[in-house]
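Next up, my_file-v9.csv (CSV, C-alpha atoms):
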chain,number,residue,atom,x,y,z
A,1046,MET,CA,1.6,21.9,36.4
A,1047,PRO,CA,4.7,21.5,34.2
A,1048,THR,CA,7.9,23.0,35.6
A,1049,GLU,CA,9.0,26.2,34.0
A,1050,VAL,CA,12.0,25.8,31.7
A,1051,ARG,CA,14.8,28.1,32.4
A,1052,PRO,CA,15.6,30.1,29.2
A,1053,ALA,CA,19.0,30.2,27.6
A,1054,SER,CA,21.1,33.3,26.9
A,1055,PRO,CA,21.8,33.9,23.2
A,1056,ASP,CA,25.3,32.5,23.6
A,1057,GLN,CA,24.0,29.4,25.4
A,1058,ALA,CA,21.3,28.8,22.7
A,1059,ARG,CA,23.9,29.1,20.0
A,1060,LEU,CA,26.2,26.6,21.7
A,1061,LEU,CA,23.4,24.1,22.1
A,1062,ARG,CA,22.5,24.4,18.4
A,1063,GLU,CA,26.1,23.9,17.4
A,1064,LEU,CA,26.5,20.8,19.6
A,1065,LEU,CA,23.3,19.3,18.2
A,1066,ASP,CA,24.2,20.1,14.6
A,1067,ALA,CA,27.7,18.6,15.1
A,1068,GLY,CA,26.2,15.4,16.5
A,1069,LEU,CA,28.1,15.9,19.8
A,1070,LEU,CA,24.8,15.9,21.7
A,1071,ILE,CA,21.6,14.1,20.7
A,1072,SER,CA,18.3,15.8,21.4
A,1073,SER,CA,15.6,13.8,23.4
A,1074,GLY,CA,12.9,16.5,23.1
A,1075,VAL,CA,13.2,17.2,26.9
A,1076,PRO,CA,15.3,20.2,27.9
A,1077,GLY,CA,18.4,19.2,29.7
A,1078,VAL,CA,18.2,15.5,28.7
A,1079,TYR,CA,20.7,14.6,25.9
A,1080,GLY,CA,22.4,11.6,24.4
A,1081,HIS,CA,26.1,11.7,23.5
A,1082,GLY,CA,27.6,11.2,20.1
A,1083,GLU,CA,30.8,9.2,19.8
A,1084,ALA,CA,33.2,12.1,19.8
A,1085,PHE,CA,31.6,13.6,22.9
A,1086,GLU,CA,31.6,10.3,24.7
A,1087,ARG,CA,35.2,9.5,23.8
A,1088,VAL,CA,36.3,12.7,25.6
A,1089,ARG,CA,34.0,12.0,28.5
A,1090,GLU,CA,35.3,8.5,29.0
A,1091,GLY,CA,38.9,9.7,28.8
A,1092,LEU,CA,38.2,12.3,31.5
A,1093,ASP,CA,36.5,9.6,33.6
A,1094,GLU,CA,39.6,7.4,33.3
A,1095,LEU,CA,42.0,10.3,34.0
A,1096,LEU,CA,40.2,11.4,37.2
A,1097,SER,CA,40.0,7.8,38.5
A,1098,ARG,CA,43.7,7.3,37.7
A,1099,GLU,CA,44.6,10.5,39.6
A,1100,ALA,CA,42.6,9.3,42.6
A,1101,ARG,CA,44.0,5.7,42.5
A,1102,GLU,CA,47.6,7.0,42.4
A,1103,ARG,CA,46.8,8.9,45.7
A,1104,GLY,CA,45.3,5.9,47.5
A,1105,ALA,CA,41.6,5.9,46.5
A,1106,ILE,CA,39.6,2.7,46.6
A,1107,LYS,CA,37.1,2.2,43.8
A,1108,LEU,CA,33.4,1.7,44.6
A,1109,ARG,CA,30.6,1.9,42.1
A,1110,PHE,CA,26.8,2.3,42.6
A,1111,PRO,CA,23.7,2.3,40.4
A,1112,PRO,CA,22.0,5.6,39.6
A,1113,VAL,CA,19.2,5.1,42.1
A,1114,LEU,CA,19.2,5.7,45.8
A,1115,PRO,CA,17.1,3.8,48.4
A,1116,ARG,CA,14.3,6.2,49.4
A,1117,HIS,CA,15.1,5.7,53.1
A,1118,GLN,CA,18.6,7.0,52.5
A,1119,LEU,CA,17.4,10.1,50.7
A,1120,GLU,CA,15.0,10.8,53.6
A,1121,SER,CA,17.9,10.3,56.2
A,1122,THR,CA,20.2,12.9,54.6
A,1123,GLY,CA,17.7,15.8,54.8
A,1124,TYR,CA,17.8,16.3,51.0
A,1125,LEU,CA,14.1,16.9,50.8
A,1126,GLY,CA,14.4,19.7,53.4
A,1127,ASN,CA,17.2,21.4,51.5
A,1128,PHE,CA,16.4,20.7,47.8
A,1129,PRO,CA,12.8,19.6,47.5
A,1130,HIS,CA,12.7,21.3,44.1
A,1131,LEU,CA,15.5,19.2,42.6
A,1132,ALA,CA,14.7,15.7,43.9
A,1133,GLY,CA,13.3,13.0,41.5
A,1134,SER,CA,11.4,10.1,43.1
A,1135,ILE,CA,10.5,6.9,41.2
A,1136,PHE,CA,6.9,5.8,41.1
A,1137,SER,CA,5.5,2.7,39.6
A,1138,PHE,CA,2.1,1.2,38.7
A,1139,GLU,CA,0.0,-0.4,41.5
A,1140,GLY,CA,-3.6,-1.4,40.8
A,1141,THR,CA,-6.1,-3.7,39.2
A,1142,GLU,CA,-6.3,-4.9,35.6
A,1143,ALA,CA,-9.0,-2.4,34.9
A,1144,GLN,CA,-6.8,0.4,36.3
A,1145,ALA,CA,-3.9,-0.8,34.2
A,1146,ALA,CA,-6.1,-0.6,31.1
A,1147,GLU,CA,-7.3,2.8,32.0
A,1148,GLN,CA,-3.7,4.0,32.6
A,1149,ALA,CA,-2.6,2.6,29.2
A,1150,GLU,CA,-5.5,4.3,27.5
A,1151,ARG,CA,-4.8,7.7,29.1
A,1152,ALA,CA,-1.1,7.3,28.4
A,1153,ALA,CA,-1.7,6.5,24.7
A,1154,SER,CA,-3.5,9.9,24.4
A,1155,HIS,CA,-0.9,11.7,26.6
A,1156,GLU,CA,-3.4,12.5,29.3
A,1157,ASP,CA,-2.6,12.5,33.1
A,1158,TRP,CA,-2.1,8.9,34.3
A,1159,SER,CA,-0.3,9.8,37.6
A,1160,GLU,CA,-3.2,8.6,39.8
A,1161,PHE,CA,-2.3,5.0,39.1
A,1162,GLN,CA,1.3,5.4,40.3
A,1163,SER,CA,2.6,4.7,43.8
A,1164,GLN,CA,5.9,5.6,45.3
A,1165,THR,CA,8.6,2.9,45.1
A,1166,GLU,CA,11.5,2.3,47.6
A,1167,VAL,CA,14.0,4.1,45.3
A,1168,THR,CA,14.6,7.6,44.1
A,1169,LEU,CA,16.9,9.0,41.3
A,1170,MET,CA,20.4,9.6,42.5
A,1171,PRO,CA,20.7,13.3,43.6
A,1172,ALA,CA,24.5,13.3,44.3
A,1173,ALA,CA,26.9,10.5,43.5
A,1174,CYS,CA,28.6,10.6,46.9
A,1175,TYR,CA,25.4,9.6,48.9
A,1176,PRO,CA,25.7,5.8,48.7
A,1177,VAL,CA,29.3,6.0,49.8
A,1178,TYR,CA,28.6,7.0,53.4
A,1179,PRO,CA,26.4,4.1,54.5
A,1180,ALA,CA,28.6,1.7,52.6
A,1181,ILE,CA,31.7,2.8,54.6
A,1182,ALA,CA,29.7,3.0,57.8
A,1183,ALA,CA,28.7,-0.7,57.3
A,1184,ARG,CA,32.4,-1.7,57.4
A,1185,GLY,CA,32.7,-0.7,61.1
A,1186,ARG,CA,35.2,1.7,62.6
A,1187,LEU,CA,37.6,3.3,60.2
A,1188,ALA,CA,41.3,2.5,60.4
A,1189,PRO,CA,43.5,5.5,61.6
A,1190,GLY,CA,43.8,8.0,58.7
A,1191,GLY,CA,40.3,7.2,57.4
A,1192,VAL,CA,39.5,6.3,53.8
A,1193,PHE,CA,39.5,7.8,50.3
A,1194,VAL,CA,36.9,6.6,47.9
A,1195,ASP,CA,36.6,7.0,44.1
A,1196,ALA,CA,32.8,6.6,43.4
A,1197,GLY,CA,33.4,7.2,39.6
A,1198,GLY,CA,31.4,9.1,37.1
A,1199,SER,CA,27.8,8.2,38.0
A,1200,TRP,CA,24.5,9.5,36.5
A,1201,VAL,CA,22.8,12.0,38.8
A,1202,PHE,CA,19.4,13.7,38.4
A,1203,ARG,CA,18.4,17.3,39.2
A,1204,HIS,CA,14.9,18.4,38.2
A,1205,GLU,CA,15.8,21.8,36.7
A,1206,PRO,CA,14.9,21.9,33.0
A,1207,SER,CA,16.9,24.5,31.1
A,1208,LEU,CA,17.8,25.4,27.6
A,1209,ASP,CA,21.4,26.1,28.7
A,1210,PRO,CA,23.4,23.0,27.4
A,1211,ALA,CA,25.5,23.3,30.6
A,1212,ARG,CA,22.5,22.9,32.9
A,1213,ARG,CA,21.3,19.3,32.5
A,1214,GLN,CA,18.7,17.3,34.4
A,1215,ILE,CA,20.8,14.2,34.2
A,1216,PHE,CA,24.6,14.1,33.9
A,1217,HIS,CA,27.7,12.3,35.1
A,1218,GLN,CA,29.1,13.5,38.4
A,1219,HIS,CA,32.5,12.1,39.3
A,1220,GLU,CA,32.7,11.9,43.0
A,1221,LEU,CA,35.8,11.5,45.1
A,1222,VAL,CA,35.0,11.2,48.8
A,1223,ARG,CA,37.3,11.5,51.9
A,1224,ILE,CA,36.1,10.2,55.3
A,1225,GLY,CA,38.4,10.6,58.3
A,1226,GLU,CA,39.8,12.8,61.1
A,1227,PRO,CA,38.6,16.5,60.9
A,1228,ALA,CA,42.1,17.9,60.1
A,1229,ALA,CA,42.9,15.2,57.5
A,1230,VAL,CA,39.6,15.8,55.7
A,1231,LEU,CA,40.1,19.6,55.6
A,1232,GLU,CA,43.6,19.2,54.3
A,1233,TRP,CA,42.5,16.7,51.6
A,1234,ARG,CA,39.9,19.1,50.4
A,1235,ALA,CA,42.4,22.0,50.1
A,1236,GLU,CA,44.9,19.8,48.4
A,1237,TRP,CA,42.3,18.5,45.8
A,1238,ALA,CA,40.9,22.0,45.2
A,1239,GLN,CA,44.4,23.0,44.1
A,1240,ARG,CA,44.9,19.8,42.1
A,1241,GLY,CA,41.5,20.2,40.4
A,1242,LEU,CA,42.4,23.8,39.5
A,1243,GLU,CA,45.7,22.8,38.1
A,1244,LEU,CA,44.2,19.9,36.2
A,1245,LEU,CA,41.6,22.1,34.4
A,1246,ARG,CA,44.2,24.7,33.7
A,1247,SER,CA,46.5,22.0,32.2
A,1248,PHE,CA,43.6,21.3,29.8
A,1249,GLY,CA,44.0,24.9,28.6
A,1250,LEU,CA,40.8,26.0,30.4
A,1251,ASP,CA,40.5,29.4,32.0
A,1252,ALA,CA,39.5,28.0,35.4
A,1253,HIS,CA,39.4,29.8,38.8
A,1254,LEU,CA,38.4,28.7,42.3
A,1255,ASP,CA,35.7,30.6,44.3
A,1256,THR,CA,33.6,30.2,47.4
A,1257,ALA,CA,30.0,29.0,46.6
A,1258,ASN,CA,26.7,27.8,48.0
A,1259,ASP,CA,24.3,25.1,47.1
A,1260,PRO,CA,20.9,26.1,45.6
A,1261,PHE,CA,18.9,25.6,48.8
A,1262,PHE,CA,15.2,26.0,48.5
A,1263,GLY,CA,13.1,29.0,49.8
A,1264,ARG,CA,13.8,31.4,52.7
A,1265,ARG,CA,15.3,28.7,54.9
A,1266,GLY,CA,17.6,28.1,52.0
A,1267,ARG,CA,18.8,31.7,51.8
A,1268,MET,CA,19.9,31.4,55.3
A,1269,LEU,CA,21.5,28.0,54.8
A,1270,ALA,CA,23.3,29.3,51.8
A,1271,ALA,CA,24.6,32.4,53.7
A,1272,ASN,CA,25.8,30.1,56.5
A,1273,GLN,CA,27.5,27.8,54.0
A,1274,ARG,CA,29.4,30.7,52.5
A,1275,ALA,CA,30.3,32.2,55.8
A,1276,ALA,CA,31.8,28.9,57.0
A,1277,ASP,CA,33.6,28.3,53.7
A,1278,LEU,CA,32.0,24.9,53.2
A,1279,LYS,CA,31.7,24.9,49.4
A,1280,LEU,CA,34.3,25.8,46.8
A,1281,GLU,CA,33.7,25.7,43.1
A,1282,LEU,CA,35.9,25.5,40.0
A,1283,LEU,CA,34.5,28.0,37.5
A,1284,VAL,CA,35.1,27.9,33.8
A,1285,PRO,CA,33.6,30.1,31.0
A,1286,ILE,CA,31.4,27.9,28.8
A,1287,ALA,CA,28.6,30.0,27.4
A,1288,GLY,CA,28.0,33.5,28.7
A,1289,PRO,CA,27.1,35.5,30.6
A,1290,GLU,CA,28.4,33.8,33.8
A,1291,PRO,CA,31.2,31.2,34.1
A,1292,THR,CA,30.0,27.7,34.9
A,1293,ALA,CA,30.8,25.5,37.9
A,1294,CYS,CA,32.6,22.5,36.6
A,1295,ALA,CA,33.6,21.0,39.9
A,1296,SER,CA,32.7,21.5,43.5
A,1297,PHE,CA,34.5,20.7,46.8
A,1298,ASN,CA,32.3,20.3,49.7
A,1299,HIS,CA,33.1,20.0,53.4
A,1300,HIS,CA,30.2,18.4,55.3
A,1301,LEU,CA,31.8,18.5,58.8
A,1302,GLU,CA,30.0,15.8,60.9
A,1303,HIS,CA,26.8,15.8,58.8
A,1304,PHE,CA,27.1,12.5,57.0
A,1305,GLY,CA,29.3,10.9,59.8
A,1306,GLN,CA,26.5,11.5,62.2
A,1307,THR,CA,23.7,10.6,59.9
A,1308,PHE,CA,25.1,7.2,59.0
A,1309,GLY,CA,27.1,6.5,62.2
A,1310,ILE,CA,30.6,6.5,60.7
A,1311,GLU,CA,33.2,6.2,63.5
A,1312,LEU,CA,36.9,7.0,63.5
A,1313,ALA,CA,39.4,4.6,65.0
A,1314,ASP,CA,38.9,6.3,68.5
A,1315,GLY,CA,35.1,6.0,68.3
A,1316,THR,CA,34.4,9.6,67.6
A,1317,THR,CA,32.3,10.7,64.6
A,1318,ALA,CA,34.1,11.0,61.3
A,1319,HIS,CA,34.2,14.2,59.2
A,1320,THR,CA,33.6,14.0,55.4
A,1321,ALA,CA,34.3,15.9,52.3
A,1322,CYS,CA,33.5,15.2,48.7
A,1323,LEU,CA,34.5,16.7,45.4
A,1324,GLY,CA,32.4,16.3,42.3
A,1325,PHE,CA,33.6,16.9,38.8
A,1326,GLY,CA,30.8,17.4,36.3
A,1327,HIS,CA,32.0,15.3,33.3
A,1328,GLU,CA,29.7,16.9,30.7
A,1329,ARG,CA,30.4,20.5,31.8
A,1330,ILE,CA,34.2,19.9,31.5
A,1331,VAL,CA,33.7,18.3,28.1
A,1332,LEU,CA,31.6,21.4,27.1
A,1333,ALA,CA,34.3,23.7,28.4
A,1334,LEU,CA,36.9,21.8,26.3
A,1335,LEU,CA,34.7,22.0,23.2
A,1336,ARG,CA,34.1,25.7,23.6
A,1337,THR,CA,37.8,26.4,24.3
A,1338,HIS,CA,39.5,24.1,21.7
A,1339,GLY,CA,36.8,23.8,19.0
A,1340,LEU,CA,33.9,21.4,18.3
A,1341,ASP,CA,36.2,18.8,16.6
A,1342,PRO,CA,38.2,17.0,19.3
A,1343,GLU,CA,40.4,15.4,16.6
A,1344,ALA,CA,41.7,18.9,15.9
A,1345,TRP,CA,42.6,19.6,19.5
A,1346,PRO,CA,46.3,20.0,20.6
A,1347,ALA,CA,48.0,16.6,20.4
A,1348,ALA,CA,49.2,16.8,24.0
A,1349,LEU,CA,45.7,17.2,25.3
A,1350,ARG,CA,44.3,14.4,23.1
A,1351,SER,CA,46.9,12.0,24.3
A,1352,ARG,CA,46.1,12.7,27.9
A,1353,LEU,CA,42.4,12.2,27.4
A,1354,TRP,CA,41.8,9.4,24.9
A,1355,ASP,CA,44.7,8.5,22.6
A,1356,ARG,CA,46.0,6.5,25.5
A,1357,LEU,CA,42.8,4.5,25.6
A,1358,ALA,CA,43.2,3.4,21.9
B,1351,MET,CA,18.6,41.9,83.2
B,1352,THR,CA,14.9,42.4,82.7
B,1353,ASP,CA,14.9,43.3,79.0
B,1354,PRO,CA,11.8,41.5,77.8
B,1355,ILE,CA,13.0,41.2,74.1
B,1356,ARG,CA,16.2,39.5,75.2
B,1357,ALA,CA,14.3,37.2,77.5
B,1358,GLN,CA,12.0,36.1,74.7
B,1359,ILE,CA,15.0,35.6,72.4
B,1360,ARG,CA,16.6,33.5,75.1
B,1361,GLN,CA,13.4,31.4,75.3
B,1362,VAL,CA,13.4,30.8,71.5
B,1363,LEU,CA,17.1,29.8,71.7
B,1364,ALA,CA,16.3,27.4,74.6
B,1365,ASP,CA,13.5,25.8,72.5
B,1366,HIS,CA,15.2,25.7,69.0
B,1367,ALA,CA,19.0,26.3,69.1
B,1368,ARG,CA,19.9,22.9,70.5
B,1369,LEU,CA,22.8,24.3,72.4
B,1370,PRO,CA,24.8,22.0,74.6
B,1371,THR,CA,24.7,24.8,77.3
B,1372,ASP,CA,21.8,26.4,79.0
B,1373,ALA,CA,20.6,29.4,77.0
B,1374,ALA,CA,19.6,31.2,80.2
B,1375,SER,CA,23.3,31.4,81.2
B,1376,LEU,CA,24.6,32.7,77.9
B,1377,PRO,CA,26.0,36.2,77.9
B,1378,ASP,CA,24.1,38.6,75.4
B,1379,GLY,CA,27.3,39.0,73.3
B,1380,ALA,CA,28.3,35.3,73.2
B,1381,ASP,CA,28.8,33.8,69.7
B,1382,LEU,CA,25.9,31.3,69.3
B,1383,PHE,CA,27.6,29.4,66.5
B,1384,GLN,CA,30.7,28.9,68.6
B,1385,ALA,CA,28.4,27.8,71.5
B,1386,GLY,CA,27.3,24.9,69.2
B,1387,MET,CA,24.4,26.2,67.2
B,1388,THR,CA,24.4,24.4,63.8
B,1389,SER,CA,23.4,25.9,60.5
B,1390,HIS,CA,20.1,24.0,60.4
B,1391,ALA,CA,19.4,25.0,64.1
B,1392,SER,CA,19.9,28.7,63.2
B,1393,VAL,CA,17.3,28.4,60.5
B,1394,ASN,CA,14.8,26.9,63.0
B,1395,VAL,CA,15.7,29.8,65.4
B,1396,MET,CA,15.0,32.3,62.6
B,1397,LEU,CA,11.6,30.8,61.9
B,1398,ALA,CA,10.7,30.6,65.6
B,1399,LEU,CA,11.7,34.2,66.1
B,1400,GLU,CA,9.4,35.2,63.3
B,1401,ASP,CA,6.5,33.4,65.0
B,1402,ALA,CA,7.4,34.7,68.5
B,1403,PHE,CA,7.7,38.4,67.4
B,1404,ASP,CA,5.2,38.3,64.6
B,1405,ILE,CA,7.7,39.6,62.1
B,1406,GLU,CA,9.3,38.6,58.8
B,1407,PHE,CA,13.1,39.0,58.4
B,1408,PRO,CA,13.8,40.6,55.1
B,1409,ASP,CA,16.1,38.7,52.7
B,1410,ALA,CA,19.0,41.0,53.5
B,1411,MET,CA,18.9,39.8,57.1
B,1412,LEU,CA,18.9,36.1,56.3
B,1413,ARG,CA,22.6,35.8,57.0
B,1414,ARG,CA,24.8,34.3,59.6
B,1415,SER,CA,25.8,37.6,61.3
B,1416,ALA,CA,22.2,38.6,62.1
B,1417,PHE,CA,21.8,35.5,64.3
B,1418,GLU,CA,25.2,35.1,65.8
B,1419,SER,CA,24.4,36.4,69.3
B,1420,ILE,CA,21.5,37.5,71.4
B,1421,ASP,CA,22.6,41.1,70.9
B,1422,ALA,CA,22.7,40.7,67.1
B,1423,ILE,CA,19.2,39.2,67.1
B,1424,ALA,CA,17.8,42.0,69.3
B,1425,ALA,CA,19.4,44.5,67.0
B,1426,ALA,CA,17.8,42.9,63.9
B,1427,ILE,CA,14.4,42.7,65.5
B,1428,GLY,CA,14.8,46.4,66.6
B,1429,GLU,CA,15.6,47.4,63.0
B,1430,ILE,CA,12.5,45.6,61.7
B,1431,ALA,CA,10.3,47.3,64.4
B,1432,LEU,CA,11.8,50.7,63.4
B,1433,GLN,CA,11.0,50.1,59.7
B,1434,ALA,CA,7.5,49.0,60.5
B,1435,ALA,CA,6.9,52.1,62.7

So that I can check it, write out the structure of this file as structure tokens.
Amino acid sequence: MPTEVRPASPDQARLLRELLDAGLLISSGVPGVYGHGEAFERVREGLDELLSREARERGAIKLRFPPVLPRHQLESTGYLGNFPHLAGSIFSFEGTEAQAAEQAERAASHEDWSEFQSQTEVTLMPAACYPVYPAIAARGRLAPGGVFVDAGGSWVFRHEPSLDPARRQIFHQHELVRIGEPAAVLEWRAEWAQRGLELLRSFGLDAHLDTANDPFFGRRGRMLAANQRAADLKLELLVPIAGPEPTACASFNHHLEHFGQTFGIELADGTTAHTACLGFGHERIVLALLRTHGLDPEAWPAALRSRLWDRLA
Amino acid sequence: MTDPIRAQIRQVLADHARLPTDAASLPDGADLFQAGMTSHASVNVMLALEDAFDIEFPDAMLRRSAFESIDAIAAAIGEIALQAA
């Protein structure tokens, strides 16, 4: 049964139409899956570079990962318990020549060919910070003070088809990850929440910080969401893009010991590391900029242009 | 203390809350989260309580404060029983 497509508000539908007409986004025919035109991508690349530079200047090391996650890792994190509705798994053909022919024939007439598909050892990347934890754990005990990783703007997938241009199935999430002593991690998150807020405001965006929760699945999820809010584990930077509600353009998550325990990340003294991550949604920030300053980036204020891409030229 | 409801709650906690301390020795008013119950464990406690008491917590009760102590859980169960009566 196909997943229901979340409808758009009139404002969101109008914005999507304008973005497609201007060539900023390129339609794929699937809701929430878009290509980027040159002007859109130039702003996004500028933002990517700016975020990485901010992180590098504050001691981040750069790691990069492909947009697929080993299935075993997804299973270890508990993602399927929390977000079974968002996960995307990768399947591939396994069978005989006759079955391959049958599959091709059904596919050619757009009929169901899923019975010839078997689960592979990889899934789509649900959150760009996930591969960081086992990579750091494999290095052995952390040095005192822990580590700060810039995982860059990586493609991530969430199965939530929508006609709101700000709610995409596949987008760039720029993850910065802090792994270390509990107090240092908490302090880092507070510092970066403030830095993120000031950064978006310095772009002329009407941003504000608020407590938030993840979209956990089902009744279990309602309780997890309430716990997450009560413990102040998730903050979001909200910016108006297309009404009625402001859109989360970045989130700042405190995982306590969850990933440290799951992947066995040890502090210098042998105890379990705490972790926090912050994810900036590249495309949402670009949309917020387009909505705020107009659909032609060349006409944006010169100071903003020079921070985002003129310096790349 | 022979309150059968609280005794049953204590049993559910012993089976599902994964507390580092013995659930039998916890005071009724003790904060379960401070005693070491994680967020995920509290969800398992919620589901186990539904089975044990044959009830369903309404959405409005699916929050941290309803499960923060044995007293709080007993009050929530009492409220559901009252609504069902």

Could you make a table, as JSON lines, of the residues of chain B that have an atom within 7 Å of an atom of chain A, each with its nearest atom pair and distance in Å to one decimal, counting all atoms listed in the file, in chain and number order?
{"residue": "B:Ser1389", "atom": "CA", "partner": "A:Asn1272", "partner_atom": "CA", "distance": 6.3}
{"residue": "B:Val1393", "atom": "CA", "partner": "A:Arg1265", "partner_atom": "CA", "distance": 6.0}
{"residue": "B:Leu1412", "atom": "CA", "partner": "A:Met1268", "partner_atom": "CA", "distance": 4.9}
{"residue": "B:Arg1413", "atom": "CA", "partner": "A:Ala1271", "partner_atom": "CA", "distance": 5.1}
{"residue": "B:Arg1414", "atom": "CA", "partner": "A:Asn1272", "partner_atom": "CA", "distance": 5.3}

### Contacts of range 1400-1406 of chain B at 8 Å (only C-alpha atoms; same-chain gap of 6+ positions) as a VMD selection string
chain B and resid 1358 1362 1430

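Nearest residue to Asp1381 in chain B among B:Ala1367, B:Ala1425, B:Glu1418, B:Ala1434 is B:Glu1418, counting only C-alpha atoms.
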
### Message
Measuring between only C-alpha atoms, which one of A:Glu1160, A:Glu1290, A:Asp1277, A:Glu1311 shows the shortest distance to Val1192 in chain A?
### Response
A:Glu1311

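By chain and then residue number, the residues within 8 Å of range 1202-1204 of chain A are A:His1130, A:Leu1131, A:Ala1132, A:Gly1133, A:Leu1169, A:Met1170, A:Pro1171, A:Ala1172, A:Trp1200, A:Pro1206, A:Arg1213, A:Gln1214, A:Ile1215, A:Phe1216, counting all atoms listed in the file and disregarding those fewer than 2 positions away in sequence.
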
### Message
Taking all atoms listed in the file into account, name the residue in A:Leu1280, A:Leu1221, A:Val1331, A:Ala1188 that is nearest to Ala1173 in chain A.
### Response
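Selected residue with least distance to Ala1173 in chain A: A:Leu1221.
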
### Query
Of the candidates B:Leu1369, B:Leu1399, B:Ala1422, B:Leu1432, which one gets nearest to Gly1386 in chain B if we count only C-alpha atoms?
B:Leu1369

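If you look at CA of Glu1220 in chain A and CA of Val1177 in chain A, they are 9.6 Å away from each other.
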
### Query
What is the CA of Cys1322 in chain A to CA of Thr1292 in chain A distance in Å?
18.9 Å

### Query
Which residues come within 7 Å of range 1104-1114 of chain A, counting all atoms listed in the file, excluding same-chain residues fewer than 2 positions away, as a VMD selection string?
chain A and resid 1100 to 1102 1116 1118 to 1119 1167 to 1170 1193 to 1197 1199 to 1201

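Each of A:Asp1314, A:Glu1156, A:Glu1120, A:Glu1094 was compared to Trp1354 in chain A using all atoms listed in the file, and A:Glu1094 turns out to be the nearest.
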
### Query
What does the distance between CA of Thr1141 in chain A and CA of Phe1161 in chain A come to in Å, to one decimal place?
9.5 Å

With 12 Å as the threshold, what does the neighbourhood of (19.7, 40.1, 65.9) contain in terms of residues, counting all atoms listed in the file? Coordinates are those of the file; answer as a PDB file with C-alpha atoms, in the frame of the given file.
ATOM      1  CA  ILE B1355      13.000  41.200  74.100  1.00  0.00           C
ATOM      2  CA  ARG B1356      16.200  39.500  75.200  1.00  0.00           C
ATOM      3  CA  ILE B1359      15.000  35.600  72.400  1.00  0.00           C
ATOM      4  CA  ARG B1360      16.600  33.500  75.100  1.00  0.00           C
ATOM      5  CA  ASP B1378      24.100  38.600  75.400  1.00  0.00           C
ATOM      6  CA  GLY B1379      27.300  39.000  73.300  1.00  0.00           C
ATOM      7  CA  ASP B1381      28.800  33.800  69.700  1.00  0.00           C
ATOM      8  CA  LEU B1382      25.900  31.300  69.300  1.00  0.00           C
ATOM      9  CA  SER B1392      19.900  28.700  63.200  1.00  0.00           C
ATOM     10  CA  VAL B1395      15.700  29.800  65.400  1.00  0.00           C
ATOM     11  CA  MET B1396      15.000  32.300  62.600  1.00  0.00           C
ATOM     12  CA  LEU B1399      11.700  34.200  66.100  1.00  0.00           C
ATOM     13  CA  GLU B1400       9.400  35.200  63.300  1.00  0.00           C
ATOM     14  CA  PHE B1407      13.100  39.000  58.400  1.00  0.00           C
ATOM     15  CA  MET B1411      18.900  39.800  57.100  1.00  0.00           C
ATOM     16  CA  LEU B1412      18.900  36.100  56.300  1.00  0.00           C
ATOM     17  CA  ARG B1413      22.600  35.800  57.000  1.00  0.00           C
ATOM     18  CA  ARG B1414      24.800  34.300  59.600  1.00  0.00           C
ATOM     19  CA  SER B1415      25.800  37.600  61.300  1.00  0.00           C
ATOM     20  CA  ALA B1416      22.200  38.600  62.100  1.00  0.00           C
ATOM     21  CA  PHE B1417      21.800  35.500  64.300  1.00  0.00           C
ATOM     22  CA  GLU B1418      25.200  35.100  65.800  1.00  0.00           C
ATOM     23  CA  SER B1419      24.400  36.400  69.300  1.00  0.00           C
ATOM     24  CA  ILE B1420      21.500  37.500  71.400  1.00  0.00           C
ATOM     25  CA  ASP B1421      22.600  41.100  70.900  1.00  0.00           C
ATOM     26  CA  ALA B1422      22.700  40.700  67.100  1.00  0.00           C
ATOM     27  CA  ILE B1423      19.200  39.200  67.100  1.00  0.00           C
ATOM     28  CA  ALA B1424      17.800  42.000  69.300  1.00  0.00           C
ATOM     29  CA  ALA B1425      19.400  44.500  67.000  1.00  0.00           C
ATOM     30  CA  ALA B1426      17.800  42.900  63.900  1.00  0.00           C
ATOM     31  CA  ILE B1427      14.400  42.700  65.500  1.00  0.00           C
ATOM     32  CA  GLY B1428      14.800  46.400  66.600  1.00  0.00           C
ATOM     33  CA  GLU B1429      15.600  47.400  63.000  1.00  0.00           C
ATOM     34  CA  ILE B1430      12.500  45.600  61.700  1.00  0.00           C
ATOM     35  CA  ALA B1431      10.300  47.300  64.400  1.00  0.00           C
TER      36      ALA B1431
END

Shell of 10 Å around Ala1374 in chain B, all atoms listed in the file, local chain residues under 3 positions omitted, as a short mmCIF file (atom, residue, chain, number, x, y, z; two decimals) with C-alpha atoms, in the frame of the given file:
data_model
loop_
_atom_site.label_atom_id
_atom_site.label_comp_id
_atom_site.auth_asym_id
_atom_site.auth_seq_id
_atom_site.Cartn_x
_atom_site.Cartn_y
_atom_site.Cartn_z
CA ALA B 1357 14.30 37.20 77.50
CA ARG B 1360 16.60 33.50 75.10
CA GLN B 1361 13.40 31.40 75.30
CA LEU B 1363 17.10 29.80 71.70
CA ALA B 1364 16.30 27.40 74.60
CA THR B 1371 24.70 24.80 77.30
CA PRO B 1377 26.00 36.20 77.90
CA ASP B 1378 24.10 38.60 75.40
#

### Query
Near Cys1294 in chain A, counting all atoms listed in the file, which residues have an atom at most 10 Å away, once you skip same-chain residues fewer than 4 positions from it, shown as a list in words?
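So, after excluding close chain neighbours, the residues are Ala1211, Gln1218, Gly1241, Leu1245, Ala1252, Glu1281, Leu1282, Leu1283, Val1284, Pro1285, Ile1286, Gly1324, Phe1325, Gly1326, His1327, Glu1328, Arg1329, Ile1330, Val1331, Leu1332 and Ala1333 of chain A.
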
### Selection as a PyMOL selection string: residues within 12 Å of (43.9, 16.0, 53.3), counting all atoms listed in the file
chain A and resi 1103-1104+1190-1193+1222-1240+1299+1319-1322
